[in-house]
$ cat structure_10.cif   # mmCIF, C-alpha atoms
data_upload
#
loop_
_atom_site.label_atom_id
_atom_site.label_comp_id
_atom_site.auth_asym_id
_atom_site.auth_seq_id
_atom_site.Cartn_x
_atom_site.Cartn_y
_atom_site.Cartn_z
CA MET A 158 160.08 17.90 221.39
CA ALA A 159 160.99 15.44 224.21
CA ARG A 160 157.33 15.48 225.56
CA CYS A 161 156.03 14.81 222.20
CA HIS A 162 158.41 11.91 221.75
CA LEU A 163 157.61 10.39 225.19
CA GLY A 164 153.90 10.72 224.54
CA CYS A 165 154.28 8.95 221.18
CA GLU A 166 156.23 6.06 222.78
CA ARG A 167 153.48 5.56 225.39
CA VAL A 168 150.82 5.51 222.71
CA GLU A 169 152.89 3.03 220.68
CA MET A 170 153.52 0.80 223.76
CA LYS A 171 149.83 0.80 224.55
CA ALA A 172 148.98 -0.13 220.96
CA ASN A 173 151.52 -2.99 221.06
CA GLY A 174 149.99 -4.24 224.27
CA ASN A 175 146.52 -4.26 222.71
CA ARG A 176 147.83 -6.26 219.72
CA ILE A 177 149.35 -8.87 222.03
CA LEU A 178 146.06 -9.23 223.95
CA PHE A 179 144.07 -9.56 220.66
CA VAL A 180 146.37 -12.29 219.31
CA ALA A 181 146.13 -14.21 222.60
CA LEU A 182 142.33 -13.95 222.59
CA VAL A 183 142.09 -15.30 218.98
CA ALA A 184 144.38 -18.21 219.83
CA ALA A 185 142.25 -19.11 222.86
CA LEU A 186 139.03 -19.05 220.81
CA ALA A 187 140.59 -21.26 218.12
CA LEU A 188 141.66 -23.78 220.76
CA VAL A 189 138.15 -23.96 222.23
CA ALA A 190 136.64 -24.46 218.74
CA ASN A 191 139.10 -27.23 217.96
CA VAL A 192 138.27 -29.04 221.19
CA ARG A 193 134.53 -28.79 220.50
CA ALA A 194 134.98 -30.12 216.96
CA GLN A 195 136.83 -33.19 218.23
CA ALA A 196 134.49 -33.90 221.12
CA PRO A 197 131.98 -36.79 220.52
CA THR A 198 128.42 -35.75 219.89
CA GLY A 199 125.22 -37.23 221.26
CA PRO A 200 124.50 -38.35 224.81
CA GLN A 201 127.64 -38.68 226.91
CA GLY A 202 127.05 -41.66 229.14
CA GLY A 203 130.67 -42.17 230.01
CA ALA A 204 131.26 -44.85 227.34
CA GLN A 205 134.55 -44.71 225.54
CA PRO A 206 134.41 -43.42 221.96
CA PRO A 207 134.86 -46.13 219.29
CA GLN A 208 138.44 -46.85 218.38
CA GLN A 209 139.36 -45.98 214.83
CA THR A 210 141.20 -48.67 212.86
CA THR A 211 143.53 -48.39 209.96
CA PRO A 212 142.44 -49.80 206.59
CA SER A 213 144.77 -52.79 207.04
CA ASP A 214 142.95 -53.79 210.24
CA GLN A 215 139.47 -53.82 208.61
CA LYS A 216 137.92 -57.20 207.66
CA PRO A 217 135.63 -57.62 204.63
CA THR A 218 132.01 -57.89 205.64
CA ALA A 219 129.57 -60.26 203.97
CA ALA A 220 126.80 -58.76 201.85
CA PRO A 221 123.47 -58.71 203.66
CA PRO A 222 120.93 -61.34 202.55
CA PRO A 223 118.16 -60.18 200.16
CA GLN A 224 115.41 -58.44 202.04
CA ALA A 225 111.72 -58.84 201.41
CA GLY A 226 110.58 -57.01 198.30
CA VAL A 227 113.83 -57.54 196.38
CA SER A 228 113.14 -59.36 193.06
CA ILE A 229 115.34 -60.92 190.41
CA SER A 230 114.19 -60.39 186.82
CA VAL A 231 114.34 -63.50 184.61
CA GLU A 232 113.13 -63.50 181.01
CA ALA A 233 110.54 -66.26 180.70
CA PRO A 234 110.10 -68.02 177.34
CA ILE A 235 106.72 -67.73 175.65
CA VAL A 236 105.33 -70.05 173.00
CA THR A 237 102.55 -68.70 170.79
CA VAL A 238 100.12 -70.87 168.85
CA ASP A 239 97.53 -69.73 166.30
CA ALA A 240 94.59 -72.13 166.20
CA VAL A 241 91.50 -72.46 164.02
CA ALA A 242 88.56 -74.65 165.02
CA THR A 243 86.00 -75.94 162.52
CA THR A 244 83.31 -78.58 162.32
CA GLN A 245 83.86 -81.68 160.22
CA HIS A 246 82.12 -79.82 157.39
CA GLY A 247 84.52 -76.89 157.54
CA ASP A 248 82.26 -74.43 159.37
CA LEU A 249 84.26 -72.14 161.68
CA LEU A 250 83.67 -72.34 165.43
CA MET A 251 83.58 -68.78 166.63
CA GLY A 252 82.98 -67.26 170.06
CA LEU A 253 85.25 -69.70 171.92
CA LYS A 254 86.84 -68.55 175.20
CA LYS A 255 90.23 -69.21 176.76
CA GLU A 256 88.74 -71.90 179.00
CA ASN A 257 87.61 -73.79 175.89
CA PHE A 258 91.21 -74.56 174.94
CA LYS A 259 93.63 -77.10 176.35
CA ILE A 260 97.32 -77.16 175.33
CA THR A 261 99.76 -79.97 176.04
CA ASP A 262 103.51 -79.67 175.46
CA ASP A 263 105.02 -83.14 174.99
CA GLY A 264 101.94 -84.48 176.75
CA VAL A 265 102.24 -82.11 179.73
CA PRO A 266 99.22 -79.76 180.24
CA GLN A 267 100.16 -76.08 180.08
CA THR A 268 98.64 -72.97 181.60
CA ILE A 269 97.39 -70.62 178.88
CA THR A 270 98.59 -67.15 179.86
CA GLY A 271 97.63 -65.23 176.71
CA PHE A 272 94.47 -65.38 174.65
CA ASN A 273 93.26 -63.23 171.78
CA ALA A 274 90.32 -63.82 169.48
CA GLY A 275 90.40 -60.40 167.86
CA ASP A 276 89.93 -59.73 164.17
CA SER A 277 93.34 -58.39 163.10
CA PRO A 278 94.69 -57.70 159.60
CA ILE A 279 96.03 -60.52 157.42
CA THR A 280 99.64 -60.56 156.21
CA MET A 281 100.02 -63.04 153.35
CA VAL A 282 102.56 -64.06 150.72
CA VAL A 283 101.03 -65.52 147.55
CA LEU A 284 103.67 -68.00 146.35
CA MET A 285 102.99 -69.22 142.80
CA GLU A 286 104.64 -71.89 140.71
CA PHE A 287 105.45 -70.19 137.40
CA SER A 288 107.59 -72.56 135.37
CA SER A 289 107.43 -73.94 131.82
CA ARG A 290 106.75 -77.49 133.01
CA ALA A 291 103.85 -79.25 131.31
CA TYR A 292 103.89 -76.55 128.60
CA GLY A 293 103.14 -73.90 131.20
CA PHE A 294 99.97 -75.64 132.48
CA PHE A 295 100.71 -75.00 136.16
CA ALA A 296 101.83 -71.44 135.53
CA ALA A 297 98.61 -70.67 133.67
CA TYR A 298 96.30 -72.11 136.32
CA ALA A 299 98.20 -70.55 139.23
CA ARG A 300 97.93 -67.17 137.51
CA TYR A 301 94.25 -67.68 136.69
CA TRP A 302 93.18 -68.96 140.11
CA ALA A 303 95.12 -66.41 142.18
CA ASP A 304 92.83 -63.59 141.07
CA ALA A 305 89.95 -65.14 143.02
CA LEU A 306 91.72 -64.38 146.30
CA PHE A 307 91.41 -60.60 146.27
CA PRO A 308 87.62 -60.20 146.70
CA ASN A 309 88.06 -61.94 150.08
CA LEU A 310 90.66 -59.48 151.38
CA GLN A 311 90.05 -56.19 153.14
CA GLN A 312 91.71 -52.81 152.65
CA ARG A 313 93.78 -53.21 155.83
CA ASP A 314 95.23 -56.59 154.76
CA TRP A 315 98.80 -56.88 153.43
CA VAL A 316 99.76 -59.03 150.44
CA ALA A 317 103.05 -59.83 148.69
CA LEU A 318 103.57 -61.82 145.50
CA GLU A 319 106.38 -64.28 144.81
CA THR A 320 106.88 -66.68 141.91
CA PHE A 321 109.29 -69.55 141.51
CA ASP A 322 110.75 -71.88 138.94
CA MET A 323 114.44 -72.63 139.46
CA LYS A 324 114.68 -69.43 141.54
CA THR A 325 112.31 -67.52 143.79
CA ARG A 326 111.40 -64.01 142.66
CA LEU A 327 109.73 -61.25 144.64
CA GLU A 328 107.30 -59.70 142.18
CA VAL A 329 105.53 -57.33 144.62
CA ASP A 330 106.58 -56.56 148.19
CA PHE A 331 103.97 -56.22 150.93
CA THR A 332 101.30 -53.75 149.95
CA GLN A 333 97.70 -52.93 150.83
CA ASP A 334 97.02 -52.06 147.20
CA LYS A 335 95.49 -55.29 145.89
CA ASN A 336 95.36 -53.91 142.34
CA GLU A 337 99.15 -53.65 142.34
CA VAL A 338 99.38 -57.39 142.97
CA ARG A 339 96.68 -58.14 140.44
CA ASN A 340 98.48 -56.14 137.77
CA ALA A 341 101.70 -57.98 138.51
CA ILE A 342 99.93 -61.34 138.09
CA ASN A 343 98.40 -60.22 134.81
CA HIS A 344 101.84 -59.24 133.50
CA LEU A 345 103.32 -62.70 134.07
CA TYR A 346 103.42 -63.78 130.43
CA PHE A 347 106.18 -66.28 129.69
CA PRO A 348 107.35 -68.88 132.22
CA GLY A 349 111.11 -69.20 132.48
CA PHE A 350 112.88 -72.37 133.53
CA HIS A 351 111.42 -75.87 133.46
CA GLU A 352 112.46 -76.57 137.06
CA SER A 353 110.05 -76.19 139.96
CA ASN A 354 112.02 -75.82 143.18
CA VAL A 355 109.15 -75.72 145.63
CA PHE A 356 111.25 -76.77 148.65
CA ASP A 357 113.67 -73.87 148.23
CA ALA A 358 110.84 -71.42 147.55
CA LEU A 359 108.95 -72.39 150.71
CA LEU A 360 112.01 -72.15 152.95
CA GLU A 361 113.13 -68.82 151.48
CA THR A 362 109.65 -67.34 151.92
CA ASN A 363 109.29 -68.73 155.44
CA ASP A 364 112.65 -67.21 156.38
CA ARG A 365 111.57 -63.78 155.12
CA LEU A 366 108.47 -63.93 157.33
CA LYS A 367 110.29 -64.70 160.60
CA ASP A 368 110.35 -61.08 161.79
CA VAL A 369 106.94 -60.11 160.38
CA LYS A 370 104.28 -59.49 163.03
CA GLY A 371 100.59 -60.28 162.86
CA LYS A 372 98.53 -63.04 161.25
CA LYS A 373 101.09 -64.01 158.65
CA SER A 374 100.73 -66.91 156.23
CA ILE A 375 101.86 -68.40 152.93
CA LEU A 376 99.37 -69.26 150.20
CA LEU A 377 101.08 -71.77 147.90
CA LEU A 378 99.66 -72.47 144.44
CA ALA A 379 101.73 -75.30 142.98
CA SER A 380 101.76 -78.86 141.73
CA GLY A 381 104.00 -79.72 144.67
CA ILE A 382 106.52 -81.58 142.53
CA ASP A 383 110.09 -80.54 143.26
CA THR A 384 112.66 -80.96 140.51
CA PHE A 385 115.95 -79.33 141.46
CA SER A 386 115.95 -77.81 144.98
CA LYS A 387 119.10 -77.46 147.02
CA HIS A 388 117.13 -78.59 150.08
CA THR A 389 115.87 -82.13 150.50
CA LEU A 390 112.38 -83.06 151.62
CA ASP A 391 113.66 -84.02 155.07
CA GLN A 392 115.42 -80.66 155.45
CA THR A 393 112.24 -78.89 154.39
CA PHE A 394 110.15 -80.80 156.91
CA LYS A 395 112.68 -80.12 159.68
CA GLU A 396 112.61 -76.36 159.13
CA LEU A 397 108.87 -76.01 158.54
CA ARG A 398 107.90 -78.00 161.64
CA GLN A 399 109.60 -75.25 163.68
CA SER A 400 107.78 -72.46 161.84
CA ASP A 401 104.96 -70.31 163.21
CA VAL A 402 103.82 -69.40 159.66
CA PRO A 403 100.78 -71.44 158.54
CA ILE A 404 100.97 -72.68 154.95
CA PHE A 405 97.78 -72.97 152.90
CA CYS A 406 98.29 -75.10 149.80
CA VAL A 407 96.16 -75.17 146.66
CA GLY A 408 97.37 -78.13 144.61
CA LEU A 409 97.35 -77.89 140.83
CA GLY A 410 98.04 -81.57 140.20
CA LYS A 411 94.49 -82.96 140.04
CA MET A 412 93.49 -80.58 137.27
CA PHE A 413 96.49 -81.76 135.26
CA THR A 414 96.01 -85.49 135.86
CA ASN A 415 92.30 -85.18 135.05
CA ALA A 416 93.21 -83.48 131.76
CA GLN A 417 95.66 -86.31 131.02
CA ASP A 418 93.04 -88.94 131.74
CA LEU A 419 90.56 -87.24 129.42
CA ARG A 420 93.13 -87.45 126.62
CA GLY A 421 93.61 -91.15 127.27
CA SER A 422 97.12 -90.82 128.65
CA GLN A 423 98.60 -93.91 130.28
CA SER A 424 101.10 -91.91 132.33
CA SER A 425 101.56 -92.83 135.97
CA HIS A 426 100.29 -90.34 138.51
CA ILE A 427 102.50 -91.58 141.32
CA ASP A 428 104.64 -88.42 141.35
CA PHE A 429 101.54 -86.23 141.68
CA LEU A 430 100.16 -88.42 144.49
CA GLN A 431 103.48 -88.09 146.31
CA ALA A 432 103.48 -84.30 145.79
CA GLU A 433 99.91 -84.12 147.11
CA ASN A 434 100.95 -85.94 150.26
CA GLU A 435 103.87 -83.54 150.74
CA LEU A 436 101.61 -80.49 150.39
CA LYS A 437 99.27 -81.97 153.01
CA ASN A 438 102.21 -82.38 155.39
CA PHE A 439 103.44 -78.82 154.77
CA SER A 440 100.01 -77.55 155.78
CA SER A 441 99.28 -79.82 158.73
CA MET A 442 102.62 -79.31 160.46
CA THR A 443 102.28 -75.51 160.27
CA GLY A 444 98.59 -75.24 161.19
CA GLY A 445 97.31 -74.55 157.67
CA PHE A 446 95.17 -76.53 155.27
CA ALA A 447 95.48 -78.05 151.78
CA TRP A 448 92.96 -78.19 148.95
CA PHE A 449 93.16 -80.12 145.69
CA PRO A 450 90.45 -78.76 143.41
CA GLN A 451 89.32 -80.62 140.31
CA PHE A 452 87.12 -77.88 138.86
CA ASP A 453 87.43 -74.13 138.45
CA GLY A 454 84.16 -73.64 140.33
CA GLU A 455 85.80 -74.74 143.59
CA ILE A 456 88.31 -71.90 143.64
CA PRO A 457 86.18 -68.99 144.99
CA GLY A 458 85.04 -71.08 147.94
CA ILE A 459 88.60 -72.20 148.69
CA PHE A 460 89.96 -68.68 148.86
CA GLN A 461 87.01 -67.59 150.95
CA GLN A 462 87.98 -70.31 153.43
CA VAL A 463 91.61 -69.19 153.41
CA ALA A 464 90.65 -65.64 154.35
CA SER A 465 88.17 -66.84 156.98
CA PHE A 466 90.71 -69.17 158.56
CA LEU A 467 93.22 -66.37 158.93
CA ARG A 468 90.71 -63.81 160.10
CA HIS A 469 89.25 -66.04 162.82
CA GLN A 470 92.38 -67.53 164.33
CA TYR A 471 92.62 -67.83 168.11
CA ASN A 472 96.01 -66.67 169.37
CA LEU A 473 97.16 -68.67 172.41
CA SER A 474 100.37 -68.37 174.41
CA TYR A 475 101.96 -70.16 177.34
CA THR A 476 105.25 -70.51 179.20
CA PRO A 477 106.47 -74.11 178.78
CA THR A 478 107.32 -76.03 181.92
CA ASN A 479 110.32 -77.67 180.24
CA TRP A 480 112.59 -75.29 178.35
CA ASN A 481 116.17 -75.07 177.06
CA ASP A 482 116.50 -78.83 176.53
CA GLY A 483 117.36 -78.52 172.84
CA LYS A 484 114.57 -80.91 171.82
CA TYR A 485 111.61 -80.69 169.50
CA HIS A 486 108.41 -80.27 171.51
CA LYS A 487 105.10 -81.55 170.21
CA ILE A 488 102.11 -79.27 170.75
CA LYS A 489 98.54 -80.48 170.89
CA VAL A 490 95.58 -78.09 171.05
CA GLU A 491 92.21 -79.47 172.08
CA LEU A 492 88.77 -78.06 172.79
CA VAL A 493 87.19 -78.63 176.19
CA ALA A 494 84.16 -77.48 178.14
CA PRO A 495 84.72 -74.86 180.86
CA ASP A 496 84.73 -77.67 183.47
CA GLY A 497 87.48 -79.50 181.60
CA GLY A 498 85.23 -82.15 180.12
CA PRO A 499 84.57 -82.79 176.41
CA LEU A 500 83.18 -79.85 174.44
CA THR A 501 79.85 -80.51 172.75
CA VAL A 502 79.20 -78.76 169.44
CA LEU A 503 75.70 -78.74 168.01
CA ASP A 504 74.49 -77.66 164.58
CA GLN A 505 71.37 -75.57 163.97
CA LYS A 506 69.21 -78.66 164.25
CA GLY A 507 70.71 -79.64 167.59
CA LYS A 508 72.73 -82.51 166.16
CA LYS A 509 76.19 -83.17 167.56
CA GLN A 510 79.09 -82.21 165.32
CA LYS A 511 82.64 -83.47 165.21
CA TYR A 512 85.26 -80.77 165.09
CA VAL A 513 88.88 -80.25 164.08
CA VAL A 514 91.53 -77.90 165.50
CA TYR A 515 94.23 -76.64 163.14
CA ALA A 516 97.44 -75.54 164.87
CA ARG A 517 101.16 -75.99 164.35
CA GLU A 518 102.51 -79.29 165.56
CA GLY A 519 105.44 -78.11 167.64
CA TYR A 520 108.57 -76.00 168.09
CA GLN A 521 112.31 -76.44 168.58
CA SER A 522 113.50 -75.54 172.08
CA PRO A 523 116.93 -73.88 172.43
CA LYS A 524 119.64 -75.63 174.40
CA GLY A 525 121.47 -73.87 177.23
CA GLY A 526 120.82 -71.49 180.11
CA VAL A 527 118.23 -68.77 180.32
CA GLY A 528 118.76 -66.12 177.72
CA ASP A 529 120.71 -68.41 175.35
#

$ encode --input "structure_10.cif" --output "structure tokens"
Amino acid sequence: MARCHLGCERVEMKANGNRILFVALVAALALVANVRAQAPTGPQGGAQPPQQTTPSDQKPTAAPPPQAGVSISVEAPIVTVDAVATTQHGDLLMGLKKENFKITDDGVPQTITGFNAGDSPITMVVLMEFSSRAYGFFAAYARYWADALFPNLQQRDWVALETFDMKTRLEVDFTQDKNEVRNAINHLYFPGFHESNVFDALLETNDRLKDVKGKKSILLLASGIDTFSKHTLDQTFKELRQSDVPIFCVGLGKMFTNAQDLRGSQSSHIDFLQAENELKNFSSMTGGFAWFPQFDGEIPGIFQQVASFLRHQYNLSYTPTNWNDGKYHKIKVELVAPDGGPLTVLDQKGKKQKYVVYAREGYQSPKGGVGD
């Protein structure tokens, strides 16, 4: 029993000794690993390792200057102008190139950055006077003449119909179904109020077209006489001269005054002459055109011109050199030869022709910094 006990103690002492050696070996290895982890890496040339500083000792460093290739994005303003060029006889000038156009902004020549002469769909609002004035004379002729427009439109074109007396009414929203608009015109039976608020009707329609894309326009069939609008003529001019929607006017006044003259009426025509002048201004300041027919036979040709004008517009764009000044800028579009000299236009017989460019007269620049 004693041998067995002594032998067990020796075995146990030996085991304890092995455990002590194992623990010492593990501790030594851990110390070596810790030293290696803290030692600086890379070539050891004898230089002292960098001294670490506390956050309170650190000084803010300036941001590095912009390097080559770094760009700042700034939204540049773009002014678009739709222009139509014709001879003095009304014949369209087609096939013009970007270099044939010159644009000045408040007299300063601009660089044309965008040019499009494509044949895109028409987007038009037919705005008709439909009041009981003159025993419904103007309502009847507007309704009768409007039908001559549709043979000049294509399937892809969009048309809406609005009428006005004291209020403006949307009869048909934009549609490519021309028969829908025709049916609506044919179902206009009895004019309502006597008033003819053409100023309000034009501004309301122009406002609805602000967000409409494409070759948009207003075709106004009216006498041009305003009776009870909330807006004055000056307010109407101020808003329309900023518009990019060309207005084509077909005046109904001459037919009425001619009918009065045939009956021997001694009434003054001064109000109709004034209205005619206003319709001309509405058209010229927006890049449209005005007609004042005296006979029914003129109507088909007029509407053919309206469609041709819209279908053959040249779309020009540029970035103005003076922007954000809060002023009204006058735009002038001219035709030039590729070398910058005067453009010569010849007819089929080789005779020189004068020409006219129809484009909006200007735009209102915003006031403030970029992006305002």

$ atom_distance --input "structure_10.cif" --atom1 "CA of Phe258 in chain A" --atom2 "CA of Ile279 in chain A"
23.0 Å

$ atom_distance --input "structure_10.cif" --atom1 "CA of Pro308 in chain A" --atom2 "CA of Thr332 in chain A"
15.5 Å

$ resolve_selection --input "structure_10.cif" --expression "the PyMOL selection byres ((chain A and resi 358) around 10)" --output "list of chain:residue names"
A:Leu284, A:Met285, A:Glu286, A:Glu319, A:Thr320, A:Phe321, A:Asp322, A:Met323, A:Lys324, A:Thr325, A:Arg326, A:Ser353, A:Asn354, A:Val355, A:Phe356, A:Asp357, A:Leu359, A:Leu360, A:Glu361, A:Thr362, A:Asn363, A:Asp364, A:Leu377, A:Ser386, A:His388

$ closest_residue --input "structure_10.cif" --among "A:Leu253, A:Leu492, A:Ala299, A:Val402" --to "Lys372 in chain A" --atoms "all atoms listed in the file"
A:Val402

$ residues_around --input "structure_10.cif" --residues "Lys373 in chain A" --least-positions-apart "6" --cutoff "9 Å" --atoms "all atoms listed in the file" --output "compact mmCIF listing (two decimals) with C-alpha atoms, in the coordinates of the input"
# COMPACT_ATOMS: atom_id res chain seq x y z
CA ILE A 279 96.03 -60.52 157.42
CA THR A 280 99.64 -60.56 156.21
CA MET A 281 100.02 -63.04 153.35
CA VAL A 282 102.56 -64.06 150.72
CA LEU A 366 108.47 -63.93 157.33
CA ASP A 401 104.96 -70.31 163.21
CA VAL A 402 103.82 -69.40 159.66
CA PRO A 403 100.78 -71.44 158.54
CA LEU A 467 93.22 -66.37 158.93

$ residues_around --input "structure_10.cif" --residues "Gly381 in chain A" --least-positions-apart "5" --cutoff "10 Å" --atoms "all atoms listed in the file" --output "compact mmCIF listing (two decimals) with C-alpha atoms, in the frame of the given file"
# COMPACT_ATOMS: atom_id res chain seq x y z
CA GLU A 286 104.64 -71.89 140.71
CA SER A 353 110.05 -76.19 139.96
CA ASN A 354 112.02 -75.82 143.18
CA VAL A 355 109.15 -75.72 145.63
CA PHE A 356 111.25 -76.77 148.65
CA CYS A 406 98.29 -75.10 149.80
CA VAL A 407 96.16 -75.17 146.66
CA GLY A 408 97.37 -78.13 144.61
CA LEU A 409 97.35 -77.89 140.83
CA GLY A 410 98.04 -81.57 140.20
CA ASP A 428 104.64 -88.42 141.35
CA PHE A 429 101.54 -86.23 141.68
CA LEU A 430 100.16 -88.42 144.49
CA GLN A 431 103.48 -88.09 146.31
CA ALA A 432 103.48 -84.30 145.79
CA GLU A 433 99.91 -84.12 147.11
CA ASN A 434 100.95 -85.94 150.26
CA GLU A 435 103.87 -83.54 150.74
CA LEU A 436 101.61 -80.49 150.39
CA LYS A 437 99.27 -81.97 153.01

$ resolve_selection --input "structure_10.cif" --expression "the PyMOL selection byres ((chain A and resi 347) around 12)" --output "PyMOL selection string"
chain A and resi 287-290+292-294+296-297+300+322+342-346+348-351

$ atom_distance --input "structure_10.cif" --atom1 "CA of Gly498 in chain A" --atom2 "CA of Met442 in chain A"
26.4 Å

$ closest_atom_pairs --input "structure_10.cif" --of "range 280-355 of chain A" --to "range 468-491 of chain A" --cutoff "12 Å" --atoms "all atoms listed in the file" --output "tab-separated table"
residue	atom	partner	partner_atom	distance
A:Thr280	CA	A:Arg468	CA	10.3
A:Met281	CA	A:Arg468	CA	11.5
A:Asn309	CA	A:Arg468	CA	10.5
A:Leu310	CA	A:Arg468	CA	9.7
A:Gln311	CA	A:Arg468	CA	10.3
A:Arg313	CA	A:Arg468	CA	11.8
A:Asp314	CA	A:Arg468	CA	10.1

$ decode --input "structure_10.cif" --residues "range 306-313 of chain A" --atoms "all heavy atoms" --output "mmCIF file, in the first residue's frame"
data_model
loop_
_atom_site.group_PDB
_atom_site.id
_atom_site.type_symbol
_atom_site.label_atom_id
_atom_site.label_comp_id
_atom_site.auth_asym_id
_atom_site.auth_seq_id
_atom_site.Cartn_x
_atom_site.Cartn_y
_atom_site.Cartn_z
ATOM 1 N N LEU A 306 -60.637 74.252 -90.505
ATOM 2 C CA LEU A 306 -59.304 73.950 -89.997
ATOM 3 C C LEU A 306 -58.955 72.477 -90.136
ATOM 4 O O LEU A 306 -57.821 72.123 -90.468
ATOM 5 C CB LEU A 306 -59.222 74.355 -88.514
ATOM 6 C CG LEU A 306 -57.999 73.868 -87.740
ATOM 7 C CD1 LEU A 306 -56.738 74.578 -88.220
ATOM 8 C CD2 LEU A 306 -58.193 74.090 -86.237
ATOM 9 N N PHE A 307 -59.905 71.604 -89.908
ATOM 10 C CA PHE A 307 -59.603 70.179 -89.696
ATOM 11 C C PHE A 307 -59.043 69.452 -90.908
ATOM 12 O O PHE A 307 -58.226 68.537 -90.734
ATOM 13 C CB PHE A 307 -60.847 69.485 -89.143
ATOM 14 C CG PHE A 307 -61.305 70.084 -87.853
ATOM 15 C CD1 PHE A 307 -62.385 70.952 -87.810
ATOM 16 C CD2 PHE A 307 -60.622 69.822 -86.676
ATOM 17 C CE1 PHE A 307 -62.781 71.539 -86.625
ATOM 18 C CE2 PHE A 307 -61.011 70.400 -85.489
ATOM 19 C CZ PHE A 307 -62.088 71.267 -85.462
ATOM 20 N N PRO A 308 -59.409 69.791 -92.153
ATOM 21 C CA PRO A 308 -58.753 69.116 -93.282
ATOM 22 C C PRO A 308 -57.242 69.363 -93.346
ATOM 23 O O PRO A 308 -56.531 68.626 -94.041
ATOM 24 C CB PRO A 308 -59.464 69.714 -94.502
ATOM 25 C CG PRO A 308 -60.793 70.148 -93.989
ATOM 26 C CD PRO A 308 -60.534 70.625 -92.609
ATOM 27 N N ASN A 309 -56.750 70.373 -92.648
ATOM 28 C CA ASN A 309 -55.320 70.697 -92.677
ATOM 29 C C ASN A 309 -54.529 70.046 -91.543
ATOM 30 O O ASN A 309 -53.314 70.223 -91.465
ATOM 31 C CB ASN A 309 -55.140 72.220 -92.595
ATOM 32 C CG ASN A 309 -55.779 72.946 -93.755
ATOM 33 O OD1 ASN A 309 -55.279 72.909 -94.868
ATOM 34 N ND2 ASN A 309 -56.905 73.601 -93.493
ATOM 35 N N LEU A 310 -55.211 69.300 -90.684
ATOM 36 C CA LEU A 310 -54.544 68.639 -89.573
ATOM 37 C C LEU A 310 -54.316 67.171 -89.879
ATOM 38 O O LEU A 310 -55.027 66.576 -90.690
ATOM 39 C CB LEU A 310 -55.372 68.786 -88.292
ATOM 40 C CG LEU A 310 -55.618 70.214 -87.816
ATOM 41 C CD1 LEU A 310 -56.470 70.213 -86.547
ATOM 42 C CD2 LEU A 310 -54.311 70.955 -87.579
ATOM 43 N N GLN A 311 -53.334 66.598 -89.228
ATOM 44 C CA GLN A 311 -52.998 65.192 -89.407
ATOM 45 C C GLN A 311 -53.485 64.381 -88.204
ATOM 46 O O GLN A 311 -53.826 64.934 -87.166
ATOM 47 C CB GLN A 311 -51.486 65.029 -89.580
ATOM 48 C CG GLN A 311 -50.930 65.758 -90.799
ATOM 49 C CD GLN A 311 -49.421 65.646 -90.911
ATOM 50 O OE1 GLN A 311 -48.764 64.991 -90.084
ATOM 51 N NE2 GLN A 311 -48.842 66.260 -91.937
ATOM 52 N N GLN A 312 -53.479 63.068 -88.361
ATOM 53 C CA GLN A 312 -53.962 62.182 -87.306
ATOM 54 C C GLN A 312 -53.167 62.349 -86.013
ATOM 55 O O GLN A 312 -53.704 62.265 -84.912
ATOM 56 C CB GLN A 312 -53.900 60.724 -87.773
ATOM 57 C CG GLN A 312 -54.330 59.706 -86.716
ATOM 58 C CD GLN A 312 -55.767 59.900 -86.264
ATOM 59 O OE1 GLN A 312 -56.639 60.153 -87.086
ATOM 60 N NE2 GLN A 312 -56.015 59.781 -84.963
ATOM 61 N N ARG A 313 -51.897 62.628 -86.111
ATOM 62 C CA ARG A 313 -51.034 62.729 -84.926
ATOM 63 C C ARG A 313 -51.172 64.062 -84.199
ATOM 64 O O ARG A 313 -50.650 64.225 -83.097
ATOM 65 C CB ARG A 313 -49.574 62.528 -85.334
ATOM 66 C CG ARG A 313 -49.098 63.547 -86.357
ATOM 67 C CD ARG A 313 -47.677 63.303 -86.781
ATOM 68 N NE ARG A 313 -47.242 64.291 -87.748
ATOM 69 C CZ ARG A 313 -45.979 64.631 -87.937
ATOM 70 N NH1 ARG A 313 -45.033 64.035 -87.229
ATOM 71 N NH2 ARG A 313 -45.642 65.527 -88.832
#
